[in-house]
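Structure first, then comments.
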Amino acid sequence: MASFKTAVLASLAGAAAARSVPANVQSLYNSIVSQGSCRSPLATGFYSSDGDGGTTSYCGDHLADYGIVYLQGTNGRLANMDIDCDGIQGGPADDGRCGDSGDTQDVTAFSDTVRGYGTGQRDLDANAHPYVVFGNEGSGNWDTWDPQSVGVEPLSVMAVVCNNQLIYGVWGDTNGDDGDFPVVGEASISLATACFGESINGNNGHDQTDVLYIAFTGSSAVPGARGASWNAQDYNDFENSISALGDSLVARIGTTGGGDPGNGGGGDPGNGGSGGDCSWEGHCAGASCGSDDDCSDDLTCSNGFCGGSPPSGGNGGGNGGGSSGDCSWEGHCAGASCGSDDDCSDDLTCSNGFCGGSSGGNSGGGGSNNCSWAGHCAGASCGSDDDCSDDLFCSNGRCTN
């Protein structure tokens, strides 16, 4: 009976892992490899493998246009996939393969946040949660870099291209002082298994530098307490719970200004606007924002944009029509950021900073109706209907009615 159960679980894991790489993501992957090396490194000097000379970078080539950050080496190399087994030990999904790891911690970087979600889950479990180790903490001669410095938020959804598949995970841990040089390219054993099969274990990862790790900027990349099955006991349940949000995030790639409303990743990278010089690319006048902290220099966030207005000719993160039918004011459609109803097209209303349902709509979070679950009203980011208040539902990554 045990062998039958093992076979079934292996089959399910294989089915969940077999998501094909979308054309836009494959095009990005190919262009990064053919380019050879990062042109706009956010931080460099990291090692994906012992012999690469510390030439791997956190790359910001597409931070401004797509709102993404990824790891890139030189000469067409990306990153490898070492195995992380940190977090909860001995849970239901633990099949013993982590026992070969000589470097396992019983806590991940964001355990306090996981515990604070109130689901009964005290931390991530590497055997059940597909997470990526991203960012570097260190001391002495170690190079450090915090993804939050460019708007990537803890426990946000990440996309991983590996073995000709697309896998969704979360940013769940950071690289620490565990060697003689700063390393990158590491993921939980459940994510690695989905990519490369059960030959993976705590001391046997994927050495080839052909894995693309993509992090997304902005709060809409974070599933939050109810946007993911944090207390899931196996990989399939958790990965499936974030797949809708992952799909909405990868749709940014290949679309100019692809950052979401409320993040610092999209917008007009070259517009210094009324704020004068702009030292934080992607956060200049016209970039979408959720607060003044998302804007460069002395710019302020007004009406969802740095400097108070969208880039000339841009759509400011709107969805081109949303759930309310035709949208006559591009950039102000359902899902666009707003400061008042006047910022929303046609009969849309402004709710929780986003254009949502019509003013005469039914209950469930529209601008003129009560919303019983703050932060999950019309226009809020979502991965499923469960992320939306009352009778709202999740459409194209936004709660709507």
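Ordering of the structure tokens sets the chain letters (A, B, ...), residue numbers begin anew at 1 in every chain, and ligands are numbered from 1 in the order given.
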
Name the residues of segment 69-249 of chain A that come out as helix (DSSP H, G or I) in a backbone DSSP run; write them as number ranges by chain.
A: 97-100, 111-116, 147-150, 189-196, 219-221, 235-249

Residue neighbourhood segment 166-170 of chain A, 10 Å, only C-alpha atoms, exclusion window fewer than 6 positions, as a VMD selection string
chain A and resid 16 to 22 25 to 26 129 to 134 153 to 160 187 to 188 190 to 192 194 to 195 212 to 215 221 to 223 235 238 to 247

Exercise: Gln105 of chain A partners within 12 Å, only C-alpha atoms, chain neighbours under 4 positions left out, as a ChimeraX atom specification
/A:84-89,98,101,109,111,123-126,173-176,178

Name all residues at most 9 Å from segment 114-122 of chain A (count only C-alpha atoms; drop same-chain ones fewer than 3 positions away) and give them as a PyMOL selection string.
chain A and resi 88+110-111+155+224-226+229-232

As a ChimeraX atom specification, please: the residues near His376 of chain A (cut-off 8 Å, only C-alpha atoms, same-chain neighbours under 3 positions excluded).
/A:371,373,379-382,387-389,399

So what do you get for atom CA of Gly135 of chain A versus atom CA of Pro41 of chain A, distance-wise?
13.5 Å
